[in-house]
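This is work02.pdb (PDB, N, CA and C atoms).
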```pdb
ATOM      1  N   MET A1223       0.831  -1.173   0.000
ATOM      2  CA  MET A1223       0.000   0.000   0.000
ATOM      3  C   MET A1223       0.878   1.240   0.000
ATOM      4  N   PRO A1224       0.424   2.298  -0.663
ATOM      5  CA  PRO A1224       1.232   3.519  -0.692
ATOM      6  C   PRO A1224       1.226   4.221   0.660
ATOM      7  N   SER A1225       2.277   4.988   0.890
ATOM      8  CA  SER A1225       2.337   5.807   2.097
ATOM      9  C   SER A1225       2.350   7.272   1.675
ATOM     10  N   PHE A1226       1.985   8.140   2.603
ATOM     11  CA  PHE A1226       1.870   9.557   2.315
ATOM     12  C   PHE A1226       2.713  10.354   3.295
ATOM     13  N   LYS A1227       3.484  11.313   2.780
ATOM     14  CA  LYS A1227       4.302  12.173   3.638
ATOM     15  C   LYS A1227       3.404  13.112   4.424
ATOM     16  N   ILE A1228       3.780  13.341   5.667
ATOM     17  CA  ILE A1228       3.055  14.276   6.514
ATOM     18  C   ILE A1228       3.987  15.435   6.853
ATOM     19  N   ASP A1229       3.545  16.647   6.537
ATOM     20  CA  ASP A1229       4.337  17.846   6.800
ATOM     21  C   ASP A1229       4.025  18.362   8.201
ATOM     22  N   VAL A1230       4.985  18.283   9.095
ATOM     23  CA  VAL A1230       4.815  18.808  10.451
ATOM     24  C   VAL A1230       5.718  20.025  10.685
ATOM     25  N   SER A1231       6.134  20.674   9.583
ATOM     26  CA  SER A1231       7.069  21.793   9.704
ATOM     27  C   SER A1231       6.476  22.990  10.442
ATOM     28  N   THR A1232       5.152  23.147  10.438
ATOM     29  CA  THR A1232       4.531  24.261  11.154
ATOM     30  C   THR A1232       3.939  23.827  12.492
ATOM     31  N   ALA A1233       4.045  22.559  12.819
ATOM     32  CA  ALA A1233       3.444  22.013  14.038
ATOM     33  C   ALA A1233       4.403  22.074  15.223
ATOM     34  N   VAL A1234       3.831  22.037  16.407
ATOM     35  CA  VAL A1234       4.585  21.870  17.646
ATOM     36  C   VAL A1234       4.381  20.412  18.038
ATOM     37  N   VAL A1235       5.495  19.697  18.254
ATOM     38  CA  VAL A1235       5.412  18.265  18.533
ATOM     39  C   VAL A1235       6.103  17.974  19.866
ATOM     40  N   PHE A1236       5.389  17.236  20.737
ATOM     41  CA  PHE A1236       5.914  16.842  22.038
ATOM     42  C   PHE A1236       5.805  15.333  22.185
ATOM     43  N   VAL A1237       6.696  14.757  22.986
ATOM     44  CA  VAL A1237       6.588  13.345  23.337
ATOM     45  C   VAL A1237       5.450  13.215  24.344
ATOM     46  N   ALA A1238       4.501  12.339  24.053
ATOM     47  CA  ALA A1238       3.391  12.077  24.972
ATOM     48  C   ALA A1238       3.677  10.828  25.809
ATOM     49  N   THR A1239       4.206   9.795  25.154
ATOM     50  CA  THR A1239       4.584   8.565  25.856
ATOM     51  C   THR A1239       5.976   8.163  25.395
ATOM     52  N   PRO A1240       6.811   7.672  26.308
ATOM     53  CA  PRO A1240       8.193   7.325  25.947
ATOM     54  C   PRO A1240       8.242   6.141  24.986
ATOM     55  N   PRO A1241       9.370   5.992  24.295
ATOM     56  CA  PRO A1241       9.526   4.869  23.364
ATOM     57  C   PRO A1241       9.410   3.524  24.078
ATOM     58  N   THR A1242       8.703   2.606  23.445
ATOM     59  CA  THR A1242       8.610   1.228  23.922
ATOM     60  C   THR A1242       8.859   0.313  22.729
ATOM     61  N   PRO A1243       9.389  -0.875  22.966
ATOM     62  CA  PRO A1243       9.617  -1.797  21.837
ATOM     63  C   PRO A1243       8.301  -2.131  21.134
ATOM     64  N   LYS A1244       8.335  -2.134  19.808
ATOM     65  CA  LYS A1244       7.169  -2.552  19.018
ATOM     66  C   LYS A1244       7.212  -4.073  18.946
ATOM     67  N   LEU A1245       6.141  -4.712  19.384
ATOM     68  CA  LEU A1245       6.111  -6.167  19.451
ATOM     69  C   LEU A1245       5.403  -6.775  18.247
ATOM     70  N   VAL A1246       5.948  -7.883  17.755
ATOM     71  CA  VAL A1246       5.287  -8.677  16.726
ATOM     72  C   VAL A1246       4.150  -9.438  17.381
ATOM     73  N   SER A1247       4.418  -9.951  18.583
ATOM     74  CA  SER A1247       3.431 -10.739  19.318
ATOM     75  C   SER A1247       3.563 -10.452  20.804
ATOM     76  N   LYS A1248       2.445 -10.112  21.441
ATOM     77  CA  LYS A1248       2.476  -9.882  22.887
ATOM     78  C   LYS A1248       2.710 -11.190  23.635
ATOM     79  N   GLN A1249       2.257 -12.313  23.065
ATOM     80  CA  GLN A1249       2.418 -13.611  23.726
ATOM     81  C   GLN A1249       3.887 -14.022  23.812
ATOM     82  N   THR A1250       4.640 -13.811  22.718
ATOM     83  CA  THR A1250       6.031 -14.254  22.698
ATOM     84  C   THR A1250       7.003 -13.154  23.116
ATOM     85  N   GLY A1251       6.568 -11.883  23.033
ATOM     86  CA  GLY A1251       7.464 -10.775  23.347
ATOM     87  C   GLY A1251       8.448 -10.461  22.240
ATOM     88  N   GLU A1252       8.254 -11.067  21.065
ATOM     89  CA  GLU A1252       9.163 -10.840  19.939
ATOM     90  C   GLU A1252       9.074  -9.391  19.477
ATOM     91  N   ILE A1253      10.233  -8.736  19.342
ATOM     92  CA  ILE A1253      10.300  -7.331  18.935
ATOM     93  C   ILE A1253      10.340  -7.246  17.408
ATOM     94  N   ALA A1254       9.546  -6.323  16.859
ATOM     95  CA  ALA A1254       9.495  -6.108  15.411
ATOM     96  C   ALA A1254      10.817  -5.529  14.922
ATOM     97  N   ILE A1255      11.197  -5.916  13.709
ATOM     98  CA  ILE A1255      12.454  -5.489  13.096
ATOM     99  C   ILE A1255      12.150  -4.727  11.806
ATOM    100  N   ASP A1256      12.882  -3.634  11.583
ATOM    101  CA  ASP A1256      12.745  -2.856  10.349
ATOM    102  C   ASP A1256      13.284  -3.686   9.184
ATOM    103  N   ARG A1257      12.468  -3.907   8.178
ATOM    104  CA  ARG A1257      12.864  -4.739   7.035
ATOM    105  C   ARG A1257      14.011  -4.136   6.235
ATOM    106  N   GLU A1258      14.087  -2.792   6.194
ATOM    107  CA  GLU A1258      15.121  -2.129   5.401
ATOM    108  C   GLU A1258      16.475  -2.077   6.098
ATOM    109  N   THR A1259      16.473  -1.785   7.406
ATOM    110  CA  THR A1259      17.744  -1.578   8.115
ATOM    111  C   THR A1259      18.120  -2.715   9.049
ATOM    112  N   GLY A1260      17.150  -3.559   9.414
ATOM    113  CA  GLY A1260      17.414  -4.622  10.376
ATOM    114  C   GLY A1260      17.417  -4.148  11.815
ATOM    115  N   ALA A1261      17.098  -2.865  12.036
ATOM    116  CA  ALA A1261      17.077  -2.311  13.399
ATOM    117  C   ALA A1261      15.776  -2.681  14.099
ATOM    118  N   PRO A1262      15.823  -2.914  15.412
ATOM    119  CA  PRO A1262      14.584  -3.120  16.170
ATOM    120  C   PRO A1262      13.714  -1.868  16.081
ATOM    121  N   LEU A1263      12.392  -2.049  16.160
ATOM    122  CA  LEU A1263      11.465  -0.929  16.062
ATOM    123  C   LEU A1263      10.919  -0.556  17.433
ATOM    124  N   ALA A1264      10.611   0.733  17.591
ATOM    125  CA  ALA A1264      10.004   1.254  18.810
ATOM    126  C   ALA A1264       8.752   2.036  18.436
ATOM    127  N   THR A1265       7.870   2.216  19.408
ATOM    128  CA  THR A1265       6.677   3.038  19.227
ATOM    129  C   THR A1265       6.764   4.201  20.203
ATOM    130  N   VAL A1266       6.531   5.416  19.687
ATOM    131  CA  VAL A1266       6.585   6.631  20.499
ATOM    132  C   VAL A1266       5.246   7.353  20.347
ATOM    133  N   GLY A1267       4.643   7.764  21.458
ATOM    134  CA  GLY A1267       3.424   8.567  21.407
ATOM    135  C   GLY A1267       3.794  10.024  21.233
ATOM    136  N   LEU A1268       3.272  10.658  20.189
ATOM    137  CA  LEU A1268       3.579  12.060  19.923
ATOM    138  C   LEU A1268       2.309  12.897  19.916
ATOM    139  N   LEU A1269       2.358  14.047  20.569
ATOM    140  CA  LEU A1269       1.280  15.018  20.510
ATOM    141  C   LEU A1269       1.675  16.050  19.465
ATOM    142  N   VAL A1270       0.869  16.139  18.411
ATOM    143  CA  VAL A1270       1.147  17.057  17.312
ATOM    144  C   VAL A1270       0.074  18.141  17.336
ATOM    145  N   ALA A1271       0.491  19.391  17.560
ATOM    146  CA  ALA A1271      -0.439  20.515  17.625
ATOM    147  C   ALA A1271      -0.151  21.465  16.473
ATOM    148  N   ASP A1272      -1.211  21.795  15.717
ATOM    149  CA  ASP A1272      -1.065  22.697  14.575
ATOM    150  C   ASP A1272      -2.423  23.320  14.262
ATOM    151  N   GLU A1273      -2.417  24.596  13.968
ATOM    152  CA  GLU A1273      -3.624  25.333  13.594
ATOM    153  C   GLU A1273      -4.747  25.168  14.620
ATOM    154  N   GLY A1274      -4.394  25.231  15.911
ATOM    155  CA  GLY A1274      -5.380  25.180  16.973
ATOM    156  C   GLY A1274      -5.938  23.804  17.287
ATOM    157  N   GLU A1275      -5.351  22.767  16.726
ATOM    158  CA  GLU A1275      -5.823  21.403  16.953
ATOM    159  C   GLU A1275      -4.663  20.519  17.360
ATOM    160  N   GLY A1276      -4.898  19.635  18.333
ATOM    161  CA  GLY A1276      -3.863  18.706  18.769
ATOM    162  C   GLY A1276      -4.327  17.278  18.618
ATOM    163  N   ASN A1277      -3.428  16.410  18.187
ATOM    164  CA  ASN A1277      -3.742  14.992  18.002
ATOM    165  C   ASN A1277      -2.614  14.145  18.555
ATOM    166  N   LEU A1278      -2.989  12.980  19.070
ATOM    167  CA  LEU A1278      -2.018  12.030  19.589
ATOM    168  C   LEU A1278      -1.812  10.934  18.556
ATOM    169  N   TYR A1279      -0.569  10.680  18.187
ATOM    170  CA  TYR A1279      -0.232   9.646  17.213
ATOM    171  C   TYR A1279       0.760   8.677  17.822
ATOM    172  N   GLN A1280       0.556   7.386  17.587
ATOM    173  CA  GLN A1280       1.530   6.370  17.939
ATOM    174  C   GLN A1280       2.393   6.165  16.695
ATOM    175  N   VAL A1281       3.661   6.504  16.786
ATOM    176  CA  VAL A1281       4.555   6.499  15.620
ATOM    177  C   VAL A1281       5.617   5.417  15.796
ATOM    178  N   THR A1282       5.790   4.601  14.768
ATOM    179  CA  THR A1282       6.824   3.566  14.767
ATOM    180  C   THR A1282       8.110   4.167  14.213
ATOM    181  N   VAL A1283       9.221   3.924  14.931
ATOM    182  CA  VAL A1283      10.526   4.482  14.564
ATOM    183  C   VAL A1283      11.590   3.419  14.808
ATOM    184  N   PRO A1284      12.573   3.279  13.894
ATOM    185  CA  PRO A1284      13.688   2.369  14.197
ATOM    186  C   PRO A1284      14.432   2.858  15.442
ATOM    187  N   ASN A1285      14.914   1.929  16.271
ATOM    188  CA  ASN A1285      15.640   2.309  17.486
ATOM    189  C   ASN A1285      16.815   3.238  17.191
ATOM    190  N   THR A1286      17.395   3.121  16.012
ATOM    191  CA  THR A1286      18.525   3.971  15.639
ATOM    192  C   THR A1286      18.115   5.438  15.502
ATOM    193  N   GLY A1287      16.807   5.712  15.383
ATOM    194  CA  GLY A1287      16.312   7.079  15.240
ATOM    195  C   GLY A1287      15.657   7.625  16.492
ATOM    196  N   VAL A1288      15.858   6.928  17.631
ATOM    197  CA  VAL A1288      15.237   7.359  18.886
ATOM    198  C   VAL A1288      16.302   7.439  19.969
ATOM    199  N   PRO A1289      16.563   8.646  20.520
ATOM    200  CA  PRO A1289      17.543   8.731  21.607
ATOM    201  C   PRO A1289      16.998   8.068  22.874
ATOM    202  N   GLU A1290      17.902   7.570  23.709
ATOM    203  CA  GLU A1290      17.514   6.842  24.916
ATOM    204  C   GLU A1290      16.785   7.707  25.940
ATOM    205  N   ASN A1291      17.101   8.985  26.025
ATOM    206  CA  ASN A1291      16.558   9.841  27.079
ATOM    207  C   ASN A1291      15.281  10.573  26.665
ATOM    208  N   LEU A1292      14.557  10.088  25.682
ATOM    209  CA  LEU A1292      13.345  10.742  25.200
ATOM    210  C   LEU A1292      12.229  10.558  26.225
ATOM    211  N   ALA A1293      11.829  11.648  26.876
ATOM    212  CA  ALA A1293      10.862  11.584  27.976
ATOM    213  C   ALA A1293       9.595  12.365  27.624
ATOM    214  N   PRO A1294       8.469  12.009  28.238
ATOM    215  CA  PRO A1294       7.227  12.757  28.017
ATOM    216  C   PRO A1294       7.419  14.240  28.293
ATOM    217  N   GLY A1295       6.817  15.067  27.437
ATOM    218  CA  GLY A1295       6.921  16.514  27.567
ATOM    219  C   GLY A1295       8.047  17.126  26.760
ATOM    220  N   THR A1296       8.953  16.299  26.230
ATOM    221  CA  THR A1296      10.089  16.799  25.462
ATOM    222  C   THR A1296       9.619  17.302  24.098
ATOM    223  N   PRO A1297       9.945  18.565  23.739
ATOM    224  CA  PRO A1297       9.638  19.016  22.382
ATOM    225  C   PRO A1297      10.589  18.332  21.396
ATOM    226  N   VAL A1298      10.065  17.863  20.276
ATOM    227  CA  VAL A1298      10.872  17.091  19.338
ATOM    228  C   VAL A1298      10.664  17.536  17.899
ATOM    229  N   THR A1299      11.596  17.102  17.069
ATOM    230  CA  THR A1299      11.503  17.213  15.623
ATOM    231  C   THR A1299      11.290  15.810  15.091
ATOM    232  N   VAL A1300      10.382  15.664  14.139
ATOM    233  CA  VAL A1300      10.102  14.362  13.543
ATOM    234  C   VAL A1300      10.625  14.370  12.121
ATOM    235  N   VAL A1301      11.454  13.380  11.797
ATOM    236  CA  VAL A1301      12.061  13.292  10.473
ATOM    237  C   VAL A1301      11.365  12.191   9.677
ATOM    238  N   GLY A1302      10.932  12.532   8.474
ATOM    239  CA  GLY A1302      10.383  11.539   7.554
ATOM    240  C   GLY A1302       9.078  10.908   7.997
ATOM    241  N   LEU A1303       8.155  11.694   8.545
ATOM    242  CA  LEU A1303       6.881  11.149   9.014
ATOM    243  C   LEU A1303       5.986  10.795   7.823
ATOM    244  N   LYS A1304       5.475   9.567   7.841
ATOM    245  CA  LYS A1304       4.579   9.086   6.789
ATOM    246  C   LYS A1304       3.390   8.372   7.414
ATOM    247  N   ALA A1305       2.289   8.339   6.680
ATOM    248  CA  ALA A1305       1.084   7.629   7.105
ATOM    249  C   ALA A1305       0.721   6.605   6.037
ATOM    250  N   ARG A1306       0.154   5.485   6.500
ATOM    251  CA  ARG A1306      -0.281   4.430   5.575
ATOM    252  C   ARG A1306      -1.540   3.794   6.141
ATOM    253  N   ASP A1307      -2.522   3.568   5.277
ATOM    254  CA  ASP A1307      -3.725   2.893   5.760
ATOM    255  C   ASP A1307      -3.489   1.386   5.759
ATOM    256  N   TRP A1308      -4.223   0.688   6.625
ATOM    257  CA  TRP A1308      -4.080  -0.763   6.726
ATOM    258  C   TRP A1308      -5.443  -1.391   6.980
ATOM    259  N   GLU A1309      -5.516  -2.676   6.666
ATOM    260  CA  GLU A1309      -6.728  -3.448   6.926
ATOM    261  C   GLU A1309      -6.332  -4.898   7.117
ATOM    262  N   ASN A1310      -6.954  -5.574   8.091
ATOM    263  CA  ASN A1310      -6.718  -7.005   8.267
ATOM    264  C   ASN A1310      -7.985  -7.674   8.787
ATOM    265  N   THR A1311      -8.039  -8.962   8.577
ATOM    266  CA  THR A1311      -9.173  -9.744   9.060
ATOM    267  C   THR A1311      -8.640 -10.840   9.965
ATOM    268  N   PHE A1312      -9.211 -10.932  11.172
ATOM    269  CA  PHE A1312      -8.805 -11.934  12.134
ATOM    270  C   PHE A1312     -10.062 -12.484  12.789
ATOM    271  N   ASN A1313     -10.202 -13.798  12.756
ATOM    272  CA  ASN A1313     -11.401 -14.453  13.314
ATOM    273  C   ASN A1313     -12.691 -13.875  12.743
ATOM    274  N   GLY A1314     -12.672 -13.560  11.456
ATOM    275  CA  GLY A1314     -13.866 -13.055  10.797
ATOM    276  C   GLY A1314     -14.158 -11.585  11.032
ATOM    277  N   GLN A1315     -13.341 -10.922  11.822
ATOM    278  CA  GLN A1315     -13.524  -9.494  12.103
ATOM    279  C   GLN A1315     -12.542  -8.682  11.261
ATOM    280  N   THR A1316     -13.059  -7.744  10.489
ATOM    281  CA  THR A1316     -12.212  -6.870   9.693
ATOM    282  C   THR A1316     -11.950  -5.589  10.471
ATOM    283  N   ARG A1317     -10.681  -5.232  10.540
ATOM    284  CA  ARG A1317     -10.263  -4.006  11.210
ATOM    285  C   ARG A1317      -9.468  -3.173  10.223
ATOM    286  N   HIS A1318      -9.487  -1.863  10.422
ATOM    287  CA  HIS A1318      -8.707  -0.986   9.556
ATOM    288  C   HIS A1318      -8.299   0.259  10.325
ATOM    289  N   GLY A1319      -7.301   0.957   9.815
ATOM    290  CA  GLY A1319      -6.830   2.159  10.482
ATOM    291  C   GLY A1319      -5.707   2.801   9.690
ATOM    292  N   ILE A1320      -4.993   3.687  10.351
ATOM    293  CA  ILE A1320      -3.855   4.382   9.754
ATOM    294  C   ILE A1320      -2.656   4.171  10.663
ATOM    295  N   SER A1321      -1.535   3.766  10.077
ATOM    296  CA  SER A1321      -0.305   3.613  10.852
ATOM    297  C   SER A1321       0.641   4.754  10.492
ATOM    298  N   PHE A1322       1.466   5.139  11.464
ATOM    299  CA  PHE A1322       2.404   6.242  11.277
ATOM    300  C   PHE A1322       3.816   5.732  11.473
ATOM    301  N   ARG A1323       4.721   6.227  10.633
ATOM    302  CA  ARG A1323       6.115   5.761  10.655
ATOM    303  C   ARG A1323       7.018   6.976  10.454
ATOM    304  N   ALA A1324       8.142   6.996  11.142
ATOM    305  CA  ALA A1324       9.124   8.077  10.981
ATOM    306  C   ALA A1324      10.523   7.487  10.934
ATOM    307  N   VAL A1325      11.429   8.231  10.349
ATOM    308  CA  VAL A1325      12.840   7.832  10.291
ATOM    309  C   VAL A1325      13.498   8.096  11.640
ATOM    310  N   ALA A1326      13.154   9.242  12.252
ATOM    311  CA  ALA A1326      13.761   9.613  13.536
ATOM    312  C   ALA A1326      12.883  10.606  14.281
ATOM    313  N   VAL A1327      13.030  10.587  15.610
ATOM    314  CA  VAL A1327      12.413  11.556  16.502
ATOM    315  C   VAL A1327      13.540  12.072  17.383
ATOM    316  N   THR A1328      13.845  13.375  17.275
ATOM    317  CA  THR A1328      14.974  13.921  18.016
ATOM    318  C   THR A1328      14.540  15.114  18.848
ATOM    319  N   PRO A1329      15.139  15.290  20.032
ATOM    320  CA  PRO A1329      14.808  16.458  20.852
ATOM    321  C   PRO A1329      15.080  17.749  20.082
ATOM    322  N   LEU A1330      14.204  18.707  20.239
ATOM    323  CA  LEU A1330      14.342  19.997  19.550
ATOM    324  C   LEU A1330      15.648  20.650  19.955
ATOM    325  N   GLY A1331      16.385  21.119  18.986
ATOM    326  CA  GLY A1331      17.658  21.780  19.245
ATOM    327  C   GLY A1331      18.835  20.829  19.384
ATOM    328  N   ALA A1332      18.610  19.520  19.243
ATOM    329  CA  ALA A1332      19.714  18.559  19.375
ATOM    330  C   ALA A1332      20.529  18.516  18.102
TER     331      ALA A1332
END
```
Representation of the structure as structure tokens:
Amino acid sequence: MPSFKIDVSTAVVFVATPPTPKLVSKQTGEIAIDRETGAPLATVGLLVADEGEGNLYQVTVPNTGVPENLAPGTPVTVVGLKARDWENTFNGQTRHGISFRAVAVTPLGA
């Protein structure tokens, strides 16, 4: 499926939840791996505020693009943010949504 670039150049972005490993399976604890780089993946909650509106996004980022000390409330810059729609069927139930992916999330001014 195609992905779409998201321009956050005019937005204020803060860390809402710290990075956590992105899991392939909660039962096994297996951590998801980036197919392109082979790096483990993390999920970071970001609050993106622009034009008087704020939204919370769960963004997947390779561990190589996430500093260790990224804490809630930290203003950040998001590099290469993209969105992609998804759909899957499990046990006869169809679910769909939008996933967000970035190359890196770095503290503002770093």
Hits from the PyMOL selection byres ((chain A and resi 1235-1241) around 8), listed as a PyMOL selection string | chain A and resi 1230+1232-1234+1242-1244+1263-1272+1278-1279+1288+1290-1300
Output N, CA and C atoms for every residue in that selection, as a tab-separated table (two decimals), in the frame of the given file.
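Saved the output as part-v8.tsv:
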```
chain	number	residue	atom	x	y	z
A	1230	VAL	N	4.99	18.28	9.10
A	1230	VAL	CA	4.82	18.81	10.45
A	1230	VAL	C	5.72	20.02	10.68
A	1232	THR	N	5.15	23.15	10.44
A	1232	THR	CA	4.53	24.26	11.15
A	1232	THR	C	3.94	23.83	12.49
A	1233	ALA	N	4.04	22.56	12.82
A	1233	ALA	CA	3.44	22.01	14.04
A	1233	ALA	C	4.40	22.07	15.22
A	1234	VAL	N	3.83	22.04	16.41
A	1234	VAL	CA	4.58	21.87	17.65
A	1234	VAL	C	4.38	20.41	18.04
A	1242	THR	N	8.70	2.61	23.44
A	1242	THR	CA	8.61	1.23	23.92
A	1242	THR	C	8.86	0.31	22.73
A	1243	PRO	N	9.39	-0.88	22.97
A	1243	PRO	CA	9.62	-1.80	21.84
A	1243	PRO	C	8.30	-2.13	21.13
A	1244	LYS	N	8.34	-2.13	19.81
A	1244	LYS	CA	7.17	-2.55	19.02
A	1244	LYS	C	7.21	-4.07	18.95
A	1263	LEU	N	12.39	-2.05	16.16
A	1263	LEU	CA	11.46	-0.93	16.06
A	1263	LEU	C	10.92	-0.56	17.43
A	1264	ALA	N	10.61	0.73	17.59
A	1264	ALA	CA	10.00	1.25	18.81
A	1264	ALA	C	8.75	2.04	18.44
A	1265	THR	N	7.87	2.22	19.41
A	1265	THR	CA	6.68	3.04	19.23
A	1265	THR	C	6.76	4.20	20.20
A	1266	VAL	N	6.53	5.42	19.69
A	1266	VAL	CA	6.58	6.63	20.50
A	1266	VAL	C	5.25	7.35	20.35
A	1267	GLY	N	4.64	7.76	21.46
A	1267	GLY	CA	3.42	8.57	21.41
A	1267	GLY	C	3.79	10.02	21.23
A	1268	LEU	N	3.27	10.66	20.19
A	1268	LEU	CA	3.58	12.06	19.92
A	1268	LEU	C	2.31	12.90	19.92
A	1269	LEU	N	2.36	14.05	20.57
A	1269	LEU	CA	1.28	15.02	20.51
A	1269	LEU	C	1.68	16.05	19.46
A	1270	VAL	N	0.87	16.14	18.41
A	1270	VAL	CA	1.15	17.06	17.31
A	1270	VAL	C	0.07	18.14	17.34
A	1271	ALA	N	0.49	19.39	17.56
A	1271	ALA	CA	-0.44	20.52	17.62
A	1271	ALA	C	-0.15	21.46	16.47
A	1272	ASP	N	-1.21	21.80	15.72
A	1272	ASP	CA	-1.06	22.70	14.58
A	1272	ASP	C	-2.42	23.32	14.26
A	1278	LEU	N	-2.99	12.98	19.07
A	1278	LEU	CA	-2.02	12.03	19.59
A	1278	LEU	C	-1.81	10.93	18.56
A	1279	TYR	N	-0.57	10.68	18.19
A	1279	TYR	CA	-0.23	9.65	17.21
A	1279	TYR	C	0.76	8.68	17.82
A	1288	VAL	N	15.86	6.93	17.63
A	1288	VAL	CA	15.24	7.36	18.89
A	1288	VAL	C	16.30	7.44	19.97
A	1290	GLU	N	17.90	7.57	23.71
A	1290	GLU	CA	17.51	6.84	24.92
A	1290	GLU	C	16.78	7.71	25.94
A	1291	ASN	N	17.10	8.98	26.02
A	1291	ASN	CA	16.56	9.84	27.08
A	1291	ASN	C	15.28	10.57	26.66
A	1292	LEU	N	14.56	10.09	25.68
A	1292	LEU	CA	13.34	10.74	25.20
A	1292	LEU	C	12.23	10.56	26.22
A	1293	ALA	N	11.83	11.65	26.88
A	1293	ALA	CA	10.86	11.58	27.98
A	1293	ALA	C	9.60	12.36	27.62
A	1294	PRO	N	8.47	12.01	28.24
A	1294	PRO	CA	7.23	12.76	28.02
A	1294	PRO	C	7.42	14.24	28.29
A	1295	GLY	N	6.82	15.07	27.44
A	1295	GLY	CA	6.92	16.51	27.57
A	1295	GLY	C	8.05	17.13	26.76
A	1296	THR	N	8.95	16.30	26.23
A	1296	THR	CA	10.09	16.80	25.46
A	1296	THR	C	9.62	17.30	24.10
A	1297	PRO	N	9.94	18.57	23.74
A	1297	PRO	CA	9.64	19.02	22.38
A	1297	PRO	C	10.59	18.33	21.40
A	1298	VAL	N	10.06	17.86	20.28
A	1298	VAL	CA	10.87	17.09	19.34
A	1298	VAL	C	10.66	17.54	17.90
A	1299	THR	N	11.60	17.10	17.07
A	1299	THR	CA	11.50	17.21	15.62
A	1299	THR	C	11.29	15.81	15.09
A	1300	VAL	N	10.38	15.66	14.14
A	1300	VAL	CA	10.10	14.36	13.54
A	1300	VAL	C	10.62	14.37	12.12
```
Applied to this file, what does the PyMOL selection byres (((chain A and resi 1318 and name CA) around 8) and name CA) return in terms of residues, put as number ranges by chain?
-> A: 1307-1310, 1316-1317, 1319-1320
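Picture a line from atom C of Pro1284 of chain A to atom CA of Gly1302 of chain A; it runs 12.4 Å.
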Please work out which residues fall within 5 Å of (12.8, -2.4, 15.6), coordinates as given in the file, with only N, CA and C atoms counting, and return them as a ChimeraX atom specification.
-> /A:1254-1256,1261-1264,1285
With N, CA and C atoms retained, write the just-selected residues as a short mmCIF file (atom, residue, chain, number, x, y, z; two decimals), in the coordinates of the input.
```cif
data_model
loop_
_atom_site.label_atom_id
_atom_site.label_comp_id
_atom_site.auth_asym_id
_atom_site.auth_seq_id
_atom_site.Cartn_x
_atom_site.Cartn_y
_atom_site.Cartn_z
N ALA A 1254 9.55 -6.32 16.86
CA ALA A 1254 9.49 -6.11 15.41
C ALA A 1254 10.82 -5.53 14.92
N ILE A 1255 11.20 -5.92 13.71
CA ILE A 1255 12.45 -5.49 13.10
C ILE A 1255 12.15 -4.73 11.81
N ASP A 1256 12.88 -3.63 11.58
CA ASP A 1256 12.74 -2.86 10.35
C ASP A 1256 13.28 -3.69 9.18
N ALA A 1261 17.10 -2.86 12.04
CA ALA A 1261 17.08 -2.31 13.40
C ALA A 1261 15.78 -2.68 14.10
N PRO A 1262 15.82 -2.91 15.41
CA PRO A 1262 14.58 -3.12 16.17
C PRO A 1262 13.71 -1.87 16.08
N LEU A 1263 12.39 -2.05 16.16
CA LEU A 1263 11.46 -0.93 16.06
C LEU A 1263 10.92 -0.56 17.43
N ALA A 1264 10.61 0.73 17.59
CA ALA A 1264 10.00 1.25 18.81
C ALA A 1264 8.75 2.04 18.44
N ASN A 1285 14.91 1.93 16.27
CA ASN A 1285 15.64 2.31 17.49
C ASN A 1285 16.82 3.24 17.19
#
```
Just give me the gap between atom CA of Thr1328 of chain A and atom CA of Thr1282 of chain A in Å, one decimal is fine.
-> 13.6 Å
Could you find all residues in segment 1280-1327 of chain A that DSSP calls strand (DSSP E) from the backbone, and write them as a PyMOL selection string?
-> chain A and resi 1280-1284+1298-1301+1304-1312+1315-1323+1326-1327
Closest of A:Arg1306, A:Phe1312, A:Lys1227, A:Thr1286 to Val1325 of chain A, counting all atoms listed in the file, is A:Thr1286
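The closest residue to Val1283 of chain A, picked from A:Val1327, A:Gln1249, A:Thr1259, A:Ala1305 and counting only N, CA and C atoms, is A:Val1327.
With all atoms listed in the file as the atoms that count, the residue of A:Thr1311, A:Phe1322, A:Gly1276, A:Leu1303 with the shortest distance to Asp1229 of chain A is A:Leu1303.
Here atom N of Gly1331 of chain A stands at a distance of 29.1 Å from atom CA of Ile1253 of chain A.
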Once you add 5 Å to each side, what are the centre and edge lengths of the axis-aligned box holding all listed atoms of segment 1310-1322 of chain A? One decimal in Å, as AutoDock Vina command-line options, if you can.
```
--center_x -5.2 --center_y -4.1 --center_z 10.7 --size_x 28.0 --size_y 30.7 --size_z 15.2
```
